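Have a look at model.cif; it's mmCIF, C-alpha atoms:
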data_final
loop_
_atom_site.group_PDB
_atom_site.id
_atom_site.type_symbol
_atom_site.label_atom_id
_atom_site.label_comp_id
_atom_site.auth_asym_id
_atom_site.auth_seq_id
_atom_site.Cartn_x
_atom_site.Cartn_y
_atom_site.Cartn_z
ATOM 1 C CA MET A 872 83.090 -135.250 163.744
ATOM 2 C CA GLU A 873 81.681 -137.064 160.707
ATOM 3 C CA LEU A 874 82.768 -140.355 162.275
ATOM 4 C CA LEU A 875 80.472 -139.794 165.228
ATOM 5 C CA ILE A 876 77.555 -138.880 162.993
ATOM 6 C CA GLU A 877 78.123 -142.041 160.964
ATOM 7 C CA GLU A 878 78.256 -144.171 164.090
ATOM 8 C CA VAL A 879 74.968 -142.743 165.344
ATOM 9 C CA GLN A 880 73.358 -143.177 161.918
ATOM 10 C CA GLN A 881 74.390 -146.836 161.856
ATOM 11 C CA SER A 882 72.699 -147.431 165.200
ATOM 12 C CA ASP A 883 69.051 -148.124 165.880
ATOM 13 C CA PHE A 884 68.780 -145.143 168.220
ATOM 14 C CA LEU A 885 67.888 -141.526 167.571
ATOM 15 C CA PRO A 886 70.355 -138.856 168.711
ATOM 16 C CA GLU A 887 67.729 -137.685 171.203
ATOM 17 C CA GLU A 888 67.544 -141.180 172.744
ATOM 18 C CA ILE A 889 71.320 -141.339 173.093
ATOM 19 C CA LEU A 890 71.477 -137.925 174.764
ATOM 20 C CA ALA A 891 68.552 -138.706 177.036
ATOM 21 C CA GLU A 892 70.221 -141.906 178.239
ATOM 22 C CA PHE A 893 73.520 -140.106 178.697
ATOM 23 C CA TYR A 894 71.923 -137.397 180.827
ATOM 24 C CA THR A 895 69.641 -139.813 182.725
ATOM 25 C CA ASN A 896 72.285 -142.396 183.651
ATOM 26 C CA PRO A 897 75.709 -140.727 183.447
ATOM 27 C CA GLU A 898 77.116 -142.709 186.369
ATOM 28 C CA LEU A 899 76.125 -146.069 184.906
ATOM 29 C CA ILE A 900 77.420 -145.140 181.471
ATOM 30 C CA ALA A 901 80.695 -143.923 182.970
ATOM 31 C CA GLU A 902 81.015 -147.152 184.972
ATOM 32 C CA PHE A 903 80.236 -149.293 181.920
ATOM 33 C CA SER A 904 82.650 -147.262 179.779
ATOM 34 C CA GLY A 905 85.488 -147.618 182.261
ATOM 35 C CA ARG A 906 84.918 -151.335 182.596
ATOM 36 C CA TRP A 907 84.586 -151.823 178.832
ATOM 37 C CA TYR A 908 87.749 -149.835 178.149
ATOM 38 C CA ALA A 909 89.713 -151.843 180.737
ATOM 39 C CA ASP A 910 88.276 -155.137 179.493
ATOM 40 C CA CYS A 911 89.214 -154.383 175.876
ATOM 41 C CA HIS A 912 92.859 -154.176 176.857
ATOM 42 C CA LYS A 913 92.688 -157.733 178.216
ATOM 43 C CA ARG A 914 91.252 -159.167 174.987
ATOM 44 C CA ASP A 915 92.641 -159.758 171.528
ATOM 45 C CA TYR A 916 90.432 -157.889 169.108
ATOM 46 C CA GLY A 917 93.100 -157.698 166.412
ATOM 47 C CA GLU A 918 91.933 -156.963 162.919
ATOM 48 C CA GLU A 919 90.426 -159.701 160.829
ATOM 49 C CA TRP A 920 91.536 -159.777 157.220
ATOM 50 C CA ASN A 921 89.822 -161.404 154.297
ATOM 51 C CA PRO A 922 92.271 -161.526 151.341
ATOM 52 C CA GLU A 923 89.342 -161.402 148.902
ATOM 53 C CA GLU A 924 88.450 -157.917 150.176
ATOM 54 C CA GLY A 925 91.921 -156.568 149.490
ATOM 55 C CA ASN A 926 93.703 -154.055 151.638
ATOM 56 C CA GLN A 927 91.002 -151.602 152.644
ATOM 57 C CA GLN A 928 93.339 -149.328 154.568
ATOM 58 C CA GLU A 929 96.229 -148.910 152.168
ATOM 59 C CA GLY A 930 95.985 -145.603 150.345
ATOM 60 C CA ASN A 931 92.928 -144.561 152.365
ATOM 61 C CA PRO A 932 94.289 -142.559 155.294
ATOM 62 C CA PRO A 933 91.580 -141.091 157.512
ATOM 63 C CA LEU A 934 90.552 -137.570 156.633
ATOM 64 C CA ASN A 935 90.313 -136.655 160.306
ATOM 65 C CA THR A 936 91.893 -138.093 163.373
ATOM 66 C CA VAL A 937 89.367 -138.160 166.171
ATOM 67 C CA GLY A 938 90.948 -138.562 169.567
ATOM 68 C CA ILE A 939 89.436 -140.903 172.117
ATOM 69 C CA CYS A 940 88.267 -138.014 174.282
ATOM 70 C CA GLN A 941 86.285 -136.524 171.413
ATOM 71 C CA GLY A 942 84.132 -139.495 170.644
ATOM 72 C CA PHE A 943 84.571 -142.573 172.744
ATOM 73 C CA MET A 944 81.581 -141.798 174.970
ATOM 74 C CA VAL A 945 79.257 -141.812 171.967
ATOM 75 C CA GLY A 946 80.383 -145.283 170.941
ATOM 76 C CA TYR A 947 80.402 -146.601 174.489
ATOM 77 C CA THR A 948 76.968 -145.113 175.156
ATOM 78 C CA LEU A 949 75.665 -146.884 172.060
ATOM 79 C CA LEU A 950 77.093 -150.202 173.275
ATOM 80 C CA TYR A 951 75.499 -149.546 176.680
ATOM 81 C CA LEU A 952 72.143 -148.750 175.052
ATOM 82 C CA TYR A 953 72.189 -151.933 173.001
ATOM 83 C CA ALA A 954 73.095 -154.018 176.041
ATOM 84 C CA LYS A 955 70.337 -152.372 178.073
ATOM 85 C CA ARG A 956 67.506 -151.952 175.572
ATOM 86 C CA ASN A 957 68.153 -154.080 172.516
ATOM 87 C CA PRO A 958 70.726 -156.850 173.093
ATOM 88 C CA ARG A 959 69.396 -158.910 170.173
ATOM 89 C CA SER A 960 70.488 -156.184 167.770
ATOM 90 C CA LEU A 961 73.915 -155.603 169.330
ATOM 91 C CA LEU A 962 75.708 -158.025 167.014
ATOM 92 C CA ASP A 963 74.154 -156.448 163.917
ATOM 93 C CA PHE A 964 75.260 -152.992 165.069
ATOM 94 C CA ILE A 965 78.803 -154.197 165.696
ATOM 95 C CA LYS A 966 78.864 -155.759 162.221
ATOM 96 C CA ARG A 967 77.592 -152.512 160.649
ATOM 97 C CA ARG A 968 80.447 -150.718 162.407
ATOM 98 C CA ARG A 969 82.800 -153.312 160.849
ATOM 99 C CA ILE A 970 84.346 -154.072 164.217
ATOM 100 C CA PRO A 971 86.581 -157.158 163.995
ATOM 101 C CA HIS A 972 85.521 -160.313 165.853
ATOM 102 C CA ALA A 973 81.932 -159.075 166.080
ATOM 103 C CA LYS A 974 80.518 -162.137 167.881
ATOM 104 C CA LYS A 975 83.266 -162.064 170.483
ATOM 105 C CA VAL A 976 82.874 -158.318 170.995
ATOM 106 C CA ALA A 977 79.072 -158.597 171.370
ATOM 107 C CA LYS A 978 79.457 -161.397 173.917
ATOM 108 C CA ASP A 979 82.036 -159.381 175.851
ATOM 109 C CA VAL A 980 79.886 -156.222 175.806
ATOM 110 C CA MET A 981 77.029 -158.180 177.371
ATOM 111 C CA ARG A 982 79.368 -159.753 179.947
ATOM 112 C CA VAL A 983 80.697 -156.331 180.981
ATOM 113 C CA PHE A 984 77.175 -154.879 181.088
ATOM 114 C CA ASP A 985 75.868 -157.781 183.168
ATOM 115 C CA ALA A 986 78.800 -157.410 185.565
ATOM 116 C CA LEU A 987 77.519 -153.959 186.466
ATOM 117 C CA GLY A 988 74.940 -155.779 188.563
ATOM 118 C CA LYS A 989 72.322 -153.379 187.316
ATOM 119 C CA GLY A 990 70.589 -155.662 184.817
ATOM 120 C CA ASN A 991 68.353 -153.372 182.838
ATOM 121 C CA ALA A 992 68.841 -150.347 185.080
#
Write-out of the structure in C-alpha cells:
Amino acid sequence: MELLIEEVQQSDFLPEEILAEFYTNPELIAEFSGRWYADCHKRDYGEEWNPEEGNQQEGNPPLNTVGICQGFMVGYTLLYLYAKRNPRSLLDFIKRRRIPHAKKVAKDVMRVFDALGKGNA
C-alpha cells in the first residue's frame, strides 16, 4: 500500500480531509469516479516519452502490484477534491504524480466534475 501513501503525500490534502470528504459525499465521489473511469477509456492518455530521460520502466518492475479495487478510490477521491476545492492546483498534482498528458488530464477531470451538475457540492 506504499503507492497509496505516496499518492496522498504528493497531494495538498491531509489523510483526514480525504477520509472526511469520502464519508461526507460518498455518492458524489462514486458518481464522479464512475464517470471518470468511463471517460478515461474514451481518451488517449498513452505514455509520453522523453528520450533524454531514458527508459524509466526497464529493469524497474514494481515491487507490489496494487489492483484497481485496492486503491483507485483514493486517487479518484483526490481528483474529486482538487476539482471541488482547489482546481488551480490540480495540474500541479497531476504533474507530481507523473501522469502523462497532464494538461489534457486536468482539463478532462474538470469537465467530468462539472458534468456532475453539482458545481462545488
From A:Met944, A:Ala973, A:Val983, A:Leu952, residue lying nearest Leu875 of chain A [all atoms listed in the file]: A:Met944
Selection dump of the PyMOL selection byres ((chain A and resi 900) around 10), as a list in words: Glu892, Phe893, Tyr894, Thr895, Asn896, Pro897, Glu898, Leu899, Ala901, Glu902, Phe903, Ser904, Gly905, Arg906, Met944, Tyr947, Thr948, Leu949, Leu950, Tyr951, Leu952 and Phe984 of chain A
Interatomic distance, atom CA of Glu877 of chain A to atom CA of Trp907 of chain A (Å, one decimal):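 So the answer is 21.4 Å.
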Result set of the PyMOL selection byres ((chain A and resi 961) around 12) on the coordinates above, as a PyMOL selection string: chain A and resi 881-884+949-960+962-968+970+973-981
Between atom CA of Arg914 of chain A and atom CA of Arg969 of chain A, distance in Å (one decimal):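 The value is 17.5 Å.
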Atom CA of Ile889 of chain A to atom CA of Gly946 of chain A, distance in Å rounded to a single decimal: 10.1 Å
Since the input is missing atoms for segment 945-966 of chain A, could you rebuild it with N, CA and C atoms and give the result as a PDB file, in the frame of the given file?
ATOM      1  N   VAL A 945      80.380-141.544 172.866  1.00  0.00           N
ATOM      2  CA  VAL A 945      79.257-141.812 171.967  1.00  0.00           C
ATOM      3  C   VAL A 945      79.204-143.302 171.667  1.00  0.00           C
ATOM      4  N   GLY A 946      80.338-143.858 171.258  1.00  0.00           N
ATOM      5  CA  GLY A 946      80.383-145.283 170.941  1.00  0.00           C
ATOM      6  C   GLY A 946      80.081-146.158 172.142  1.00  0.00           C
ATOM      7  N   TYR A 947      80.631-145.811 173.283  1.00  0.00           N
ATOM      8  CA  TYR A 947      80.402-146.601 174.489  1.00  0.00           C
ATOM      9  C   TYR A 947      78.955-146.466 174.955  1.00  0.00           C
ATOM     10  N   THR A 948      78.372-145.293 174.800  1.00  0.00           N
ATOM     11  CA  THR A 948      76.968-145.113 175.156  1.00  0.00           C
ATOM     12  C   THR A 948      76.082-145.954 174.248  1.00  0.00           C
ATOM     13  N   LEU A 949      76.432-146.034 172.972  1.00  0.00           N
ATOM     14  CA  LEU A 949      75.665-146.884 172.060  1.00  0.00           C
ATOM     15  C   LEU A 949      75.763-148.351 172.472  1.00  0.00           C
ATOM     16  N   LEU A 950      76.953-148.814 172.824  1.00  0.00           N
ATOM     17  CA  LEU A 950      77.093-150.202 173.275  1.00  0.00           C
ATOM     18  C   LEU A 950      76.257-150.432 174.538  1.00  0.00           C
ATOM     19  N   TYR A 951      76.294-149.469 175.448  1.00  0.00           N
ATOM     20  CA  TYR A 951      75.499-149.546 176.680  1.00  0.00           C
ATOM     21  C   TYR A 951      74.004-149.616 176.352  1.00  0.00           C
ATOM     22  N   LEU A 952      73.555-148.764 175.420  1.00  0.00           N
ATOM     23  CA  LEU A 952      72.143-148.750 175.052  1.00  0.00           C
ATOM     24  C   LEU A 952      71.711-150.081 174.448  1.00  0.00           C
ATOM     25  N   TYR A 953      72.534-150.632 173.574  1.00  0.00           N
ATOM     26  CA  TYR A 953      72.189-151.933 173.001  1.00  0.00           C
ATOM     27  C   TYR A 953      72.110-152.999 174.085  1.00  0.00           C
ATOM     28  N   ALA A 954      73.084-153.020 174.979  1.00  0.00           N
ATOM     29  CA  ALA A 954      73.095-154.018 176.041  1.00  0.00           C
ATOM     30  C   ALA A 954      71.861-153.866 176.929  1.00  0.00           C
ATOM     31  N   LYS A 955      71.463-152.643 177.173  1.00  0.00           N
ATOM     32  CA  LYS A 955      70.337-152.372 178.073  1.00  0.00           C
ATOM     33  C   LYS A 955      68.980-152.568 177.396  1.00  0.00           C
ATOM     34  N   ARG A 956      68.829-152.013 176.193  1.00  0.00           N
ATOM     35  CA  ARG A 956      67.506-151.952 175.572  1.00  0.00           C
ATOM     36  C   ARG A 956      67.277-152.944 174.432  1.00  0.00           C
ATOM     37  N   ASN A 957      68.355-153.317 173.734  1.00  0.00           N
ATOM     38  CA  ASN A 957      68.153-154.080 172.516  1.00  0.00           C
ATOM     39  C   ASN A 957      69.308-155.059 172.283  1.00  0.00           C
ATOM     40  N   PRO A 958      69.567-155.966 173.229  1.00  0.00           N
ATOM     41  CA  PRO A 958      70.726-156.850 173.093  1.00  0.00           C
ATOM     42  C   PRO A 958      70.683-157.747 171.864  1.00  0.00           C
ATOM     43  N   ARG A 959      69.494-158.062 171.372  1.00  0.00           N
ATOM     44  CA  ARG A 959      69.396-158.910 170.173  1.00  0.00           C
ATOM     45  C   ARG A 959      69.961-158.233 168.931  1.00  0.00           C
ATOM     46  N   SER A 960      69.980-156.923 168.928  1.00  0.00           N
ATOM     47  CA  SER A 960      70.488-156.184 167.770  1.00  0.00           C
ATOM     48  C   SER A 960      71.935-155.735 167.933  1.00  0.00           C
ATOM     49  N   LEU A 961      72.541-156.029 169.068  1.00  0.00           N
ATOM     50  CA  LEU A 961      73.915-155.603 169.330  1.00  0.00           C
ATOM     51  C   LEU A 961      74.879-156.146 168.288  1.00  0.00           C
ATOM     52  N   LEU A 962      74.797-157.427 167.979  1.00  0.00           N
ATOM     53  CA  LEU A 962      75.708-158.025 167.014  1.00  0.00           C
ATOM     54  C   LEU A 962      75.576-157.364 165.643  1.00  0.00           C
ATOM     55  N   ASP A 963      74.356-157.107 165.215  1.00  0.00           N
ATOM     56  CA  ASP A 963      74.154-156.448 163.917  1.00  0.00           C
ATOM     57  C   ASP A 963      74.790-155.058 163.897  1.00  0.00           C
ATOM     58  N   PHE A 964      74.647-154.322 164.990  1.00  0.00           N
ATOM     59  CA  PHE A 964      75.260-152.992 165.069  1.00  0.00           C
ATOM     60  C   PHE A 964      76.778-153.096 164.977  1.00  0.00           C
ATOM     61  N   ILE A 965      77.347-154.033 165.706  1.00  0.00           N
ATOM     62  CA  ILE A 965      78.803-154.197 165.696  1.00  0.00           C
ATOM     63  C   ILE A 965      79.280-154.570 164.290  1.00  0.00           C
ATOM     64  N   LYS A 966      78.508-155.397 163.610  1.00  0.00           N
ATOM     65  CA  LYS A 966      78.864-155.759 162.221  1.00  0.00           C
ATOM     66  C   LYS A 966      78.760-154.547 161.301  1.00  0.00           C
TER      67      LYS A 966
END
